[in-house]
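A short write-up of the structure that comes next.
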Amino acid sequence: MRRAARTSRGSARTSPGPAPTSLNPARTSPNPAPTSPGPARTSPSPAQTLWIAVGLLLALLVALTVAVSLGATDIAPGEVWSVVLRRLGGEPPRPGTDDLIVWQLRVPRALLAALVGAGLGLVGTTTQALVRNPLADPYLLGISNGASLGAVAAIVLGAGAVAGADEVFGSEGVFGSGGVLGVGGGLGLSLAAFAGALAAFALVWTLARRGGGFAPLRLVLAGVGIGQFLAGFTSYLVLQAGDEQQTRGVLFWLMGSLGGATWGTLVLPVLAVPAGLLVLQARARALNALTMGDETAASVGVDVVRLRRLLFVVTSLLTGVLVAVSGAVAFVGLMVPHLCRLIVGGDHRRLLPLAALTGALLLVVVDIVCRTAMDGQELPVGVVTALIGAPVLLYVLDRRLGAGA
């Protein structure tokens with residue numbers, strides 16, 4: 001009895017013990033609070049997203065103005081806008097070199113850089129959702145290499161892809177004063193690039209899905225392997241070109257080039273990029289579901305097979321058009337989606353338009369660097385984007401491996 005009483009007293013004495021532990025969550029509850037603002041930063045409100053888009057648009061206008069102003073002959077921004085507004089108003093060109101330089105040379109090139117950057121941002125964002133892999137990129141998956149092979153085959157073999165280019169872009173020939181991009185605007189060249197991109201994408205996807213499973217690492221390895229094979233075959237075709245000037249032009253273009261852009265070059269990108277944005281934006285909710293897995297997407301009513309086929313065609317078509325006018329520009333499709341997700345999160349309803357704006361801004365700035373970094377010499381766009389994008393790729397890989405992916 002006494003022992004029981006003592007133990008009861010002991011338990012009574014120790015019973016208050018858990019009380020302080022029950023207060024521990026209250027004491028430690030403020031600790032998780034700092035992590036709660038994380039989603040708020042990556043998922044801003046619709047009003048905040050709108051302001052972000054407005055800020056990116058204003059930054060893009062400033063970058064375009066700088067791109068047209070700077071060059072071998074610097075032109076004041078006020079004069080740039082004066083020329084642009086006069087030409088938009090239908091006034092005839094005024095005598096002098098400024099009008100020619102601004103309207104005929106620099107404005108088409110700046111607009112082409114914006115369109116290519118916007119398209120690459122859209123393709124990269126869509127591809128990463130399609131394959132559910134943050135390492136997905138048109139360049140890494142071999143899509144750009146497939147498009148390059150199709151375009152180079154059309155140019156070198158002369159498969160009628162550039163028929164009628166002289167009438168549209170002048171009679172200087174494929175690699176005349178209009179540059180490689182003079183022929184890039186041709187519908188035949190874009191179709192050849194689209195066919196190559198679609199075939200490469202389908203082959204990479206088939207290899208990644210071999211055995212019924214789907215491994216993100218297998219997808220990247222298949223893309224890199226097929227991309228290198230296609231790049232080797234493309235180099236072989238370039239070496240078969242009989243014209244040395246043509247060979248140099250193709251090699252420079254394959255590294256990414258916006259030189260020689262004309263108003264005619266802008267026709268297909270102006271049609272393809274906004275149309276691609278509208279199609280993808282209309283399926284933003286389905287893309288959100290697709291990132292959660294095929295089963296989850298099907299459970300909420302998404303026709304996964306039909307959606308995947310559509311995304312294959314849209315991304316391949318955009319890649320084909322962009323490669324036809326600019327060559328293979330690496331890593332833009334990889335960097336832009338990651339930058340935008342840090343700002344607005346993973347909702348594709350916000351992510352897609354911001355990716356287009358960010359990609360446009362990025363490539364316009366890169367093109368300014370390419371034209372002005374070295375006196376008397378222009379750097380290929382792909383060289384600068386690779387110098388920026390390779391560290392980003394290593395960073396993403398490090399995070400994936402650190403997370404045990």
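Chains: A, B, ... in order of the structure tokens. Residues: from 1 per chain. Ligands: from 1, in order shown.
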
Would you mind listing what lies within 8 Å of Ala355 of chain A as number ranges by chain, with only C-alpha atoms counted and same-chain residues fewer than 5 positions away left out?
-> A: 118, 121-122, 125, 336-337, 340

Keeping only C-alpha atoms, take the residues you just selected and write them out as a short mmCIF file (atom, residue, chain, number, x, y, z; two decimals), in the first residue's frame.
data_model
loop_
_atom_site.label_atom_id
_atom_site.label_comp_id
_atom_site.auth_asym_id
_atom_site.auth_seq_id
_atom_site.Cartn_x
_atom_site.Cartn_y
_atom_site.Cartn_z
CA ALA A 118 10.08 34.18 -76.66
CA GLY A 121 11.08 30.16 -73.59
CA LEU A 122 7.73 28.67 -74.58
CA THR A 125 8.60 25.44 -70.54
CA VAL A 336 14.09 30.70 -68.80
CA PRO A 337 11.56 28.28 -67.21
CA CYS A 340 10.29 32.23 -64.16
#

Report as JSON lines: every residue of segment 313-349 of chain A with an atom at most 10 Å from segment 368-382 of chain A, its closest pair of atoms, and their distance in Å to one decimal, counting only C-alpha atoms, with rows sorted by chain and ascending residue number.
{"residue": "A:Ser326", "atom": "CA", "partner": "A:Val381", "partner_atom": "CA", "distance": 8.8}
{"residue": "A:Gly327", "atom": "CA", "partner": "A:Gly382", "partner_atom": "CA", "distance": 8.5}
{"residue": "A:Ala328", "atom": "CA", "partner": "A:Gly382", "partner_atom": "CA", "distance": 7.0}
{"residue": "A:Val329", "atom": "CA", "partner": "A:Gly382", "partner_atom": "CA", "distance": 4.7}
{"residue": "A:Ala330", "atom": "CA", "partner": "A:Gly382", "partner_atom": "CA", "distance": 5.6}
{"residue": "A:Phe331", "atom": "CA", "partner": "A:Gly382", "partner_atom": "CA", "distance": 8.4}
{"residue": "A:Val332", "atom": "CA", "partner": "A:Gly382", "partner_atom": "CA", "distance": 9.2}

DSSP helix (DSSP H, G or I) residues within segment 83-157 of chain A, as a PyMOL selection string | chain A and resi 83-88+97-131+143-157

Between A:Ser316, A:Leu307, A:Val131, A:Ala153, which is the closest to Ala197 of chain A once you count only C-alpha atoms?
->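 When distances to Ala197 of chain A are compared using only C-alpha atoms, the smallest one comes from A:Ser316.
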
So which residues touch Gln104 of chain A within 9 Å, counting only C-alpha atoms, skipping near sequence neighbours fewer than 6 positions away, as a list in words?
->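 Within the cut-off, the hits are Ala261, Thr262 and Trp263 of chain A.
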
Of the candidates A:Leu60, A:Val392, A:Leu120, A:Leu149, which shows the shortest atom-to-atom distance to Gly232 of chain A, using only C-alpha atoms?
->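 Smallest distance to Gly232 of chain A is found for A:Leu149.
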
Fewer than 3 positions away in the same chain doesn't count, so skip those; otherwise give me all residues within 12 Å of Leu135 of chain A, counting only C-alpha atoms, as number ranges by chain.
-> A: 124-125, 127-132, 138-141, 216-221, 223-224, 331-338, 389-390, 392-401, 405

Taking into account only C-alpha atoms, which residue in the set A:Ala147, A:Leu111, A:Leu239, A:Leu352 is nearest to Phe201 of chain A?
->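 Closest candidate: A:Ala147.
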
Show which residues sit within 10 Å of Leu207 of chain A, as an NGL selection string. Count only C-alpha atoms, and ignore same-chain residues fewer than 2 positions away.
-> :A and (202-205 or 209-211 or 214 or 218-219 or 221-223 or 226)

Those residues with all heavy atoms, as an mmCIF file, in the first residue's frame please?
data_model
loop_
_atom_site.group_PDB
_atom_site.id
_atom_site.type_symbol
_atom_site.label_atom_id
_atom_site.label_comp_id
_atom_site.auth_asym_id
_atom_site.auth_seq_id
_atom_site.Cartn_x
_atom_site.Cartn_y
_atom_site.Cartn_z
ATOM 1 N N ALA A 202 10.457 12.455 -81.527
ATOM 2 C CA ALA A 202 9.788 11.153 -81.463
ATOM 3 C C ALA A 202 10.772 10.035 -81.164
ATOM 4 O O ALA A 202 10.477 9.113 -80.379
ATOM 5 C CB ALA A 202 9.057 10.887 -82.781
ATOM 6 N N LEU A 203 11.976 10.106 -81.746
ATOM 7 C CA LEU A 203 12.977 9.065 -81.507
ATOM 8 C C LEU A 203 13.463 9.089 -80.059
ATOM 9 O O LEU A 203 13.589 8.042 -79.411
ATOM 10 C CB LEU A 203 14.148 9.262 -82.469
ATOM 11 C CG LEU A 203 15.279 8.226 -82.390
ATOM 12 C CD1 LEU A 203 14.745 6.819 -82.629
ATOM 13 C CD2 LEU A 203 16.369 8.564 -83.398
ATOM 14 N N VAL A 204 13.726 10.284 -79.547
ATOM 15 C CA VAL A 204 14.171 10.401 -78.149
ATOM 16 C C VAL A 204 13.091 9.895 -77.200
ATOM 17 O O VAL A 204 13.371 9.156 -76.243
ATOM 18 C CB VAL A 204 14.535 11.870 -77.837
ATOM 19 C CG1 VAL A 204 14.781 12.057 -76.334
ATOM 20 C CG2 VAL A 204 15.764 12.291 -78.611
ATOM 21 N N TRP A 205 11.855 10.261 -77.461
ATOM 22 C CA TRP A 205 10.757 9.836 -76.595
ATOM 23 C C TRP A 205 10.581 8.309 -76.637
ATOM 24 O O TRP A 205 10.337 7.674 -75.610
ATOM 25 C CB TRP A 205 9.470 10.529 -77.017
ATOM 26 C CG TRP A 205 8.292 10.162 -76.168
ATOM 27 C CD1 TRP A 205 7.303 9.275 -76.452
ATOM 28 C CD2 TRP A 205 7.996 10.671 -74.874
ATOM 29 N NE1 TRP A 205 6.403 9.196 -75.432
ATOM 30 C CE2 TRP A 205 6.796 10.047 -74.441
ATOM 31 C CE3 TRP A 205 8.602 11.599 -74.035
ATOM 32 C CZ2 TRP A 205 6.216 10.317 -73.210
ATOM 33 C CZ3 TRP A 205 8.022 11.873 -72.812
ATOM 34 C CH2 TRP A 205 6.855 11.244 -72.410
ATOM 35 N N ARG A 209 10.977 5.801 -73.391
ATOM 36 C CA ARG A 209 9.835 5.003 -72.931
ATOM 37 C C ARG A 209 10.024 3.519 -73.180
ATOM 38 O O ARG A 209 9.110 2.731 -72.971
ATOM 39 C CB ARG A 209 8.560 5.465 -73.653
ATOM 40 C CG ARG A 209 8.179 6.903 -73.410
ATOM 41 C CD ARG A 209 7.525 7.097 -72.077
ATOM 42 N NE ARG A 209 6.257 6.401 -71.984
ATOM 43 C CZ ARG A 209 5.424 6.506 -70.943
ATOM 44 N NH1 ARG A 209 5.748 7.281 -69.935
ATOM 45 N NH2 ARG A 209 4.284 5.838 -70.907
ATOM 46 N N ARG A 210 11.199 3.134 -73.632
ATOM 47 C CA ARG A 210 11.428 1.730 -73.958
ATOM 48 C C ARG A 210 11.285 0.864 -72.706
ATOM 49 O O ARG A 210 11.786 1.202 -71.644
ATOM 50 C CB ARG A 210 12.828 1.557 -74.548
ATOM 51 C CG ARG A 210 13.077 0.183 -75.118
ATOM 52 C CD ARG A 210 14.451 0.121 -75.763
ATOM 53 N NE ARG A 210 14.720 -1.197 -76.312
ATOM 54 C CZ ARG A 210 15.852 -1.539 -76.906
ATOM 55 N NH1 ARG A 210 16.820 -0.633 -77.025
ATOM 56 N NH2 ARG A 210 16.017 -2.753 -77.373
ATOM 57 N N GLY A 211 10.584 -0.249 -72.852
ATOM 58 C CA GLY A 211 10.358 -1.140 -71.719
ATOM 59 C C GLY A 211 9.123 -0.795 -70.921
ATOM 60 O O GLY A 211 8.844 -1.427 -69.902
ATOM 61 N N PHE A 214 9.403 4.977 -67.660
ATOM 62 C CA PHE A 214 9.860 6.299 -68.068
ATOM 63 C C PHE A 214 10.864 6.792 -67.035
ATOM 64 O O PHE A 214 10.524 6.984 -65.866
ATOM 65 C CB PHE A 214 8.695 7.281 -68.174
ATOM 66 C CG PHE A 214 9.128 8.671 -68.586
ATOM 67 C CD1 PHE A 214 9.360 8.955 -69.907
ATOM 68 C CD2 PHE A 214 9.306 9.661 -67.635
ATOM 69 C CE1 PHE A 214 9.777 10.231 -70.286
ATOM 70 C CE2 PHE A 214 9.705 10.925 -68.006
ATOM 71 C CZ PHE A 214 9.944 11.207 -69.330
ATOM 72 N N ARG A 218 17.166 8.612 -68.333
ATOM 73 C CA ARG A 218 17.253 7.940 -69.636
ATOM 74 C C ARG A 218 16.862 8.894 -70.752
ATOM 75 O O ARG A 218 17.438 8.870 -71.850
ATOM 76 C CB ARG A 218 16.354 6.712 -69.640
ATOM 77 C CG ARG A 218 16.480 5.860 -70.906
ATOM 78 C CD ARG A 218 15.391 4.810 -70.975
ATOM 79 N NE ARG A 218 15.400 3.964 -69.785
ATOM 80 C CZ ARG A 218 14.414 3.141 -69.465
ATOM 81 N NH1 ARG A 218 13.332 3.073 -70.242
ATOM 82 N NH2 ARG A 218 14.486 2.392 -68.385
ATOM 83 N N LEU A 219 15.876 9.739 -70.483
ATOM 84 C CA LEU A 219 15.432 10.708 -71.488
ATOM 85 C C LEU A 219 16.562 11.664 -71.842
ATOM 86 O O LEU A 219 16.842 11.915 -73.022
ATOM 87 C CB LEU A 219 14.223 11.471 -70.964
ATOM 88 C CG LEU A 219 13.683 12.564 -71.896
ATOM 89 C CD1 LEU A 219 12.902 11.945 -73.037
ATOM 90 C CD2 LEU A 219 12.821 13.538 -71.127
ATOM 91 N N LEU A 221 19.814 11.271 -71.362
ATOM 92 C CA LEU A 221 20.912 10.558 -72.020
ATOM 93 C C LEU A 221 20.569 10.237 -73.470
ATOM 94 O O LEU A 221 21.415 10.353 -74.368
ATOM 95 C CB LEU A 221 21.232 9.275 -71.252
ATOM 96 C CG LEU A 221 21.837 9.455 -69.854
ATOM 97 C CD1 LEU A 221 22.019 8.116 -69.173
ATOM 98 C CD2 LEU A 221 23.158 10.201 -69.941
ATOM 99 N N ALA A 222 19.322 9.821 -73.709
ATOM 100 C CA ALA A 222 18.905 9.548 -75.090
ATOM 101 C C ALA A 222 18.949 10.813 -75.928
ATOM 102 O O ALA A 222 19.396 10.795 -77.089
ATOM 103 C CB ALA A 222 17.500 8.945 -75.106
ATOM 104 N N GLY A 223 18.506 11.927 -75.346
ATOM 105 C CA GLY A 223 18.532 13.187 -76.078
ATOM 106 C C GLY A 223 19.938 13.633 -76.418
ATOM 107 O O GLY A 223 20.220 14.060 -77.546
ATOM 108 N N ILE A 226 21.407 11.093 -79.145
ATOM 109 C CA ILE A 226 20.832 11.306 -80.478
ATOM 110 C C ILE A 226 21.215 12.673 -81.013
ATOM 111 O O ILE A 226 21.505 12.832 -82.211
ATOM 112 C CB ILE A 226 19.305 11.139 -80.423
ATOM 113 C CG1 ILE A 226 18.962 9.670 -80.128
ATOM 114 C CG2 ILE A 226 18.659 11.590 -81.721
ATOM 115 C CD1 ILE A 226 17.500 9.421 -79.921
#

In Å, with one decimal, what is the gap from atom CA of Gly119 of chain A to atom CA of Leu237 of chain A?
->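 Answer for the atom CA of Gly119 of chain A to atom CA of Leu237 of chain A separation: 27.1 Å.
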
Within 12 Å of Gly293 of chain A using only C-alpha atoms, minus same-chain residues under 2 positions, as a ChimeraX atom specification = /A:129-133,214,286-291,295-300,302,304

Generate a file of the selected residues that holds all heavy atoms, formatted as a compact mmCIF listing (two decimals), in the first residue's frame.
# COMPACT_ATOMS: atom_id res chain seq x y z
N ALA A 129 7.38 20.38 -68.96
CA ALA A 129 6.11 19.85 -68.46
C ALA A 129 5.76 18.54 -69.15
O ALA A 129 5.23 17.61 -68.52
CB ALA A 129 5.00 20.87 -68.67
N LEU A 130 6.07 18.45 -70.44
CA LEU A 130 5.72 17.27 -71.21
C LEU A 130 6.46 16.03 -70.72
O LEU A 130 5.87 14.94 -70.59
CB LEU A 130 6.02 17.52 -72.69
CG LEU A 130 5.82 16.36 -73.66
CD1 LEU A 130 4.37 15.93 -73.69
CD2 LEU A 130 6.26 16.76 -75.06
N VAL A 131 7.73 16.17 -70.42
CA VAL A 131 8.53 15.02 -70.01
C VAL A 131 8.75 14.98 -68.50
O VAL A 131 9.44 14.08 -68.00
CB VAL A 131 9.89 15.02 -70.73
CG1 VAL A 131 9.70 15.00 -72.23
CG2 VAL A 131 10.73 16.22 -70.33
N ARG A 132 8.19 15.97 -67.79
CA ARG A 132 8.30 16.04 -66.32
C ARG A 132 9.76 15.96 -65.88
O ARG A 132 10.12 15.18 -65.00
CB ARG A 132 7.47 14.95 -65.65
CG ARG A 132 6.02 14.99 -65.99
CD ARG A 132 5.18 14.14 -65.06
NE ARG A 132 5.60 12.77 -65.00
CZ ARG A 132 5.25 11.84 -65.87
NH1 ARG A 132 4.46 12.16 -66.90
NH2 ARG A 132 5.67 10.59 -65.77
N ASN A 133 10.59 16.79 -66.49
CA ASN A 133 12.01 16.78 -66.20
C ASN A 133 12.53 18.21 -66.29
O ASN A 133 12.45 18.84 -67.34
CB ASN A 133 12.75 15.89 -67.19
CG ASN A 133 14.20 15.65 -66.80
OD1 ASN A 133 14.78 16.43 -66.05
ND2 ASN A 133 14.77 14.58 -67.31
N PHE A 214 9.40 4.98 -67.66
CA PHE A 214 9.86 6.30 -68.07
C PHE A 214 10.86 6.79 -67.03
O PHE A 214 10.52 6.98 -65.87
CB PHE A 214 8.69 7.28 -68.17
CG PHE A 214 9.13 8.67 -68.59
CD1 PHE A 214 9.36 8.95 -69.91
CD2 PHE A 214 9.31 9.66 -67.64
CE1 PHE A 214 9.78 10.23 -70.29
CE2 PHE A 214 9.70 10.92 -68.01
CZ PHE A 214 9.94 11.21 -69.33
N ALA A 286 -4.24 21.84 -68.36
CA ALA A 286 -3.87 20.47 -68.69
C ALA A 286 -2.37 20.24 -68.47
O ALA A 286 -1.95 19.17 -68.03
CB ALA A 286 -4.25 20.15 -70.13
N LEU A 287 -1.55 21.26 -68.77
CA LEU A 287 -0.12 21.14 -68.50
C LEU A 287 0.15 21.02 -67.01
O LEU A 287 1.03 20.27 -66.58
CB LEU A 287 0.61 22.36 -69.08
CG LEU A 287 0.86 22.36 -70.58
CD1 LEU A 287 1.39 23.71 -71.04
CD2 LEU A 287 1.85 21.27 -70.96
N ASN A 288 -0.60 21.78 -66.20
CA ASN A 288 -0.45 21.66 -64.75
C ASN A 288 -0.74 20.24 -64.29
O ASN A 288 -0.04 19.68 -63.45
CB ASN A 288 -1.39 22.64 -64.04
CG ASN A 288 -0.95 24.08 -64.22
OD1 ASN A 288 0.20 24.37 -64.52
ND2 ASN A 288 -1.89 25.00 -64.04
N ALA A 289 -1.80 19.65 -64.84
CA ALA A 289 -2.14 18.28 -64.47
C ALA A 289 -1.10 17.28 -64.97
O ALA A 289 -0.78 16.31 -64.29
CB ALA A 289 -3.53 17.93 -65.00
N LEU A 290 -0.57 17.54 -66.16
CA LEU A 290 0.40 16.62 -66.75
C LEU A 290 1.68 16.55 -65.92
O LEU A 290 2.32 15.50 -65.86
CB LEU A 290 0.71 17.03 -68.18
CG LEU A 290 1.49 16.04 -69.04
CD1 LEU A 290 0.71 14.75 -69.22
CD2 LEU A 290 1.83 16.65 -70.40
N THR A 291 2.05 17.66 -65.30
CA THR A 291 3.26 17.65 -64.48
C THR A 291 3.11 16.77 -63.25
O THR A 291 4.11 16.36 -62.65
CB THR A 291 3.61 19.08 -64.01
OG1 THR A 291 2.50 19.63 -63.29
CG2 THR A 291 3.93 19.96 -65.21
N GLU A 295 -1.42 9.51 -64.79
CA GLU A 295 -2.60 8.99 -64.09
C GLU A 295 -3.39 10.12 -63.46
O GLU A 295 -4.63 10.15 -63.54
CB GLU A 295 -2.18 7.98 -63.02
CG GLU A 295 -1.53 6.71 -63.56
CD GLU A 295 -0.07 6.92 -63.93
OE1 GLU A 295 0.46 8.02 -63.64
OE2 GLU A 295 0.53 5.98 -64.49
N THR A 296 -2.68 11.06 -62.84
CA THR A 296 -3.37 12.19 -62.22
C THR A 296 -4.07 13.04 -63.27
O THR A 296 -5.21 13.48 -63.07
CB THR A 296 -2.37 13.04 -61.43
OG1 THR A 296 -1.72 12.22 -60.45
CG2 THR A 296 -3.06 14.20 -60.74
N ALA A 297 -3.38 13.28 -64.38
CA ALA A 297 -3.99 14.08 -65.45
C ALA A 297 -5.23 13.39 -66.01
O ALA A 297 -6.26 14.04 -66.25
CB ALA A 297 -2.97 14.32 -66.56
N ALA A 298 -5.16 12.07 -66.22
CA ALA A 298 -6.32 11.35 -66.72
C ALA A 298 -7.47 11.36 -65.73
O ALA A 298 -8.65 11.41 -66.12
CB ALA A 298 -5.94 9.91 -67.06
N SER A 299 -7.16 11.36 -64.43
CA SER A 299 -8.22 11.33 -63.42
C SER A 299 -9.01 12.64 -63.36
O SER A 299 -10.14 12.65 -62.88
CB SER A 299 -7.61 11.04 -62.04
OG SER A 299 -6.78 12.12 -61.63
N VAL A 300 -8.42 13.73 -63.84
CA VAL A 300 -9.15 15.01 -63.85
C VAL A 300 -9.70 15.32 -65.24
O VAL A 300 -10.12 16.46 -65.49
CB VAL A 300 -8.23 16.15 -63.37
CG1 VAL A 300 -7.83 15.94 -61.92
CG2 VAL A 300 -6.99 16.29 -64.26
N VAL A 302 -8.19 14.84 -68.41
CA VAL A 302 -7.28 15.22 -69.50
C VAL A 302 -7.03 14.01 -70.39
O VAL A 302 -6.68 12.93 -69.90
CB VAL A 302 -5.95 15.75 -68.94
CG1 VAL A 302 -4.97 16.05 -70.08
CG2 VAL A 302 -6.18 16.99 -68.10
N VAL A 304 -4.64 12.40 -72.13
CA VAL A 304 -3.18 12.51 -72.10
C VAL A 304 -2.58 12.21 -73.46
O VAL A 304 -1.66 12.92 -73.91
CB VAL A 304 -2.61 11.55 -71.03
CG1 VAL A 304 -1.09 11.58 -71.05
CG2 VAL A 304 -3.13 11.93 -69.65

Between atom CA of Pro108 of chain A and atom CA of Arg350 of chain A, what is the spacing in Å?
->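 Taking atom CA of Arg350 of chain A as the start and atom CA of Pro108 of chain A as the end point, the length is 28.3 Å.
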
Applying 10 Å and only C-alpha atoms, which residues near Leu311 of chain A remain after dropping the ones on its own chain fewer than 2 positions away? List them as a compact mmCIF listing (two decimals) with all heavy atoms, in the first residue's frame.
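Output file around.txt is given in full below:
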# COMPACT_ATOMS: atom_id res chain seq x y z
N VAL A 123 8.96 26.90 -75.72
CA VAL A 123 9.29 25.51 -76.02
C VAL A 123 9.94 24.84 -74.81
O VAL A 123 9.61 23.69 -74.46
CB VAL A 123 10.23 25.43 -77.24
CG1 VAL A 123 10.74 24.02 -77.44
CG2 VAL A 123 9.49 25.89 -78.50
N THR A 126 7.24 24.17 -72.09
CA THR A 126 6.33 23.10 -72.49
C THR A 126 7.03 21.75 -72.46
O THR A 126 6.46 20.75 -72.02
CB THR A 126 5.78 23.38 -73.89
OG1 THR A 126 5.18 24.68 -73.92
CG2 THR A 126 4.75 22.35 -74.28
N THR A 127 8.27 21.71 -72.93
CA THR A 127 9.00 20.44 -72.96
C THR A 127 9.24 19.91 -71.55
O THR A 127 9.11 18.71 -71.30
CB THR A 127 10.34 20.62 -73.69
OG1 THR A 127 10.10 21.15 -75.00
CG2 THR A 127 11.06 19.30 -73.82
N ALA A 129 7.38 20.38 -68.96
CA ALA A 129 6.11 19.85 -68.46
C ALA A 129 5.76 18.54 -69.15
O ALA A 129 5.23 17.61 -68.52
CB ALA A 129 5.00 20.87 -68.67
N LEU A 130 6.07 18.45 -70.44
CA LEU A 130 5.72 17.27 -71.21
C LEU A 130 6.46 16.03 -70.72
O LEU A 130 5.87 14.94 -70.59
CB LEU A 130 6.02 17.52 -72.69
CG LEU A 130 5.82 16.36 -73.66
CD1 LEU A 130 4.37 15.93 -73.69
CD2 LEU A 130 6.26 16.76 -75.06
N GLY A 276 1.62 29.81 -81.20
CA GLY A 276 2.02 28.80 -80.24
C GLY A 276 1.68 29.18 -78.81
O GLY A 276 1.24 28.34 -78.01
N VAL A 279 -2.11 28.63 -78.29
CA VAL A 279 -2.46 27.21 -78.19
C VAL A 279 -2.03 26.64 -76.84
O VAL A 279 -2.78 25.92 -76.17
CB VAL A 279 -1.83 26.42 -79.35
CG1 VAL A 279 -2.01 24.92 -79.15
CG2 VAL A 279 -2.44 26.84 -80.69
N LEU A 280 -0.82 26.96 -76.43
CA LEU A 280 -0.31 26.43 -75.17
C LEU A 280 -1.03 27.05 -73.97
O LEU A 280 -1.32 26.37 -72.98
CB LEU A 280 1.19 26.68 -75.06
CG LEU A 280 2.05 25.96 -76.11
CD1 LEU A 280 3.50 26.42 -76.01
CD2 LEU A 280 1.95 24.45 -75.93
N ARG A 283 -4.19 25.48 -72.99
CA ARG A 283 -4.04 24.16 -72.34
C ARG A 283 -3.14 24.24 -71.12
O ARG A 283 -2.50 23.26 -70.73
CB ARG A 283 -3.48 23.15 -73.35
CG ARG A 283 -4.52 22.76 -74.39
CD ARG A 283 -3.90 22.35 -75.69
NE ARG A 283 -4.95 22.00 -76.66
CZ ARG A 283 -5.58 22.91 -77.40
NH1 ARG A 283 -5.27 24.20 -77.28
NH2 ARG A 283 -6.53 22.55 -78.26
N LEU A 287 -1.55 21.26 -68.77
CA LEU A 287 -0.12 21.14 -68.50
C LEU A 287 0.15 21.02 -67.01
O LEU A 287 1.03 20.27 -66.58
CB LEU A 287 0.61 22.36 -69.08
CG LEU A 287 0.86 22.36 -70.58
CD1 LEU A 287 1.39 23.71 -71.04
CD2 LEU A 287 1.85 21.27 -70.96
N VAL A 305 -3.06 11.21 -74.13
CA VAL A 305 -2.49 10.84 -75.44
C VAL A 305 -2.68 11.97 -76.44
O VAL A 305 -1.75 12.37 -77.16
CB VAL A 305 -3.13 9.54 -75.95
CG1 VAL A 305 -2.63 9.22 -77.35
CG2 VAL A 305 -2.83 8.38 -75.00
N ARG A 306 -3.88 12.50 -76.49
CA ARG A 306 -4.16 13.58 -77.44
C ARG A 306 -3.37 14.84 -77.08
O ARG A 306 -2.83 15.51 -77.97
CB ARG A 306 -5.66 13.90 -77.42
CG ARG A 306 -6.08 14.95 -78.42
CD ARG A 306 -7.59 15.13 -78.39
NE ARG A 306 -8.03 16.13 -79.35
CZ ARG A 306 -9.29 16.51 -79.50
NH1 ARG A 306 -10.25 15.94 -78.77
NH2 ARG A 306 -9.60 17.43 -80.39
N LEU A 307 -3.28 15.15 -75.78
CA LEU A 307 -2.52 16.32 -75.36
C LEU A 307 -1.05 16.17 -75.70
O LEU A 307 -0.41 17.10 -76.19
CB LEU A 307 -2.70 16.54 -73.86
CG LEU A 307 -1.86 17.67 -73.24
CD1 LEU A 307 -2.27 19.01 -73.81
CD2 LEU A 307 -2.00 17.66 -71.71
N ARG A 308 -0.51 14.97 -75.47
CA ARG A 308 0.90 14.76 -75.74
C ARG A 308 1.21 14.89 -77.23
O ARG A 308 2.23 15.46 -77.62
CB ARG A 308 1.32 13.39 -75.21
CG ARG A 308 2.82 13.27 -74.94
CD ARG A 308 3.16 11.89 -74.41
NE ARG A 308 2.55 11.62 -73.14
CZ ARG A 308 3.00 12.06 -71.97
NH1 ARG A 308 4.06 12.84 -71.95
NH2 ARG A 308 2.40 11.74 -70.85
N ARG A 309 0.33 14.38 -78.06
CA ARG A 309 0.53 14.51 -79.51
C ARG A 309 0.52 15.98 -79.92
O ARG A 309 1.35 16.42 -80.73
CB ARG A 309 -0.55 13.75 -80.26
CG ARG A 309 -0.41 12.23 -80.18
CD ARG A 309 -1.60 11.56 -80.83
NE ARG A 309 -1.51 10.09 -80.78
CZ ARG A 309 -2.48 9.27 -81.10
NH1 ARG A 309 -3.65 9.77 -81.54
NH2 ARG A 309 -2.31 7.96 -81.01
N VAL A 313 3.67 18.22 -81.60
CA VAL A 313 3.60 18.97 -82.85
C VAL A 313 3.92 20.43 -82.63
O VAL A 313 4.70 21.04 -83.39
CB VAL A 313 2.20 18.79 -83.48
CG1 VAL A 313 2.05 19.70 -84.70
CG2 VAL A 313 1.97 17.34 -83.88
N VAL A 314 3.35 21.05 -81.59
CA VAL A 314 3.54 22.48 -81.35
C VAL A 314 5.00 22.78 -81.04
O VAL A 314 5.59 23.71 -81.61
CB VAL A 314 2.62 22.96 -80.21
CG1 VAL A 314 2.96 24.40 -79.82
CG2 VAL A 314 1.16 22.88 -80.63
N THR A 315 5.60 22.00 -80.13
CA THR A 315 7.00 22.26 -79.78
C THR A 315 7.93 22.01 -80.96
O THR A 315 8.89 22.76 -81.18
CB THR A 315 7.41 21.40 -78.58
OG1 THR A 315 7.13 20.02 -78.85
CG2 THR A 315 6.69 21.82 -77.33
N SER A 316 7.66 20.98 -81.74
CA SER A 316 8.50 20.70 -82.90
C SER A 316 8.34 21.77 -83.97
O SER A 316 9.32 22.19 -84.60
CB SER A 316 8.16 19.32 -83.48
OG SER A 316 8.38 18.30 -82.54
N LEU A 317 7.11 22.23 -84.17
CA LEU A 317 6.88 23.29 -85.16
C LEU A 317 7.58 24.58 -84.75
O LEU A 317 8.25 25.22 -85.58
CB LEU A 317 5.38 23.52 -85.32
CG LEU A 317 4.96 24.60 -86.32
CD1 LEU A 317 5.47 24.25 -87.71
CD2 LEU A 317 3.45 24.77 -86.34

So, counting only C-alpha atoms, which residue among A:Ala154, A:Ala113, A:Thr49, A:Ala136 is closest to Gly188 of chain A?
->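 Closest to Gly188 of chain A, using only C-alpha atoms: A:Ala154.
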
Hey, which of A:Ser148, A:Thr234, A:Thr265, A:Gln228 ends up closest to Leu191 of chain A? Count only C-alpha atoms.
-> A:Ser148

Between A:Ala324, A:Leu339, A:Val383, A:Leu105, single out the one closest to Gly359 of chain A, counting only C-alpha atoms.
->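 Among the listed residues, the smallest separation from Gly359 of chain A belongs to A:Leu339.
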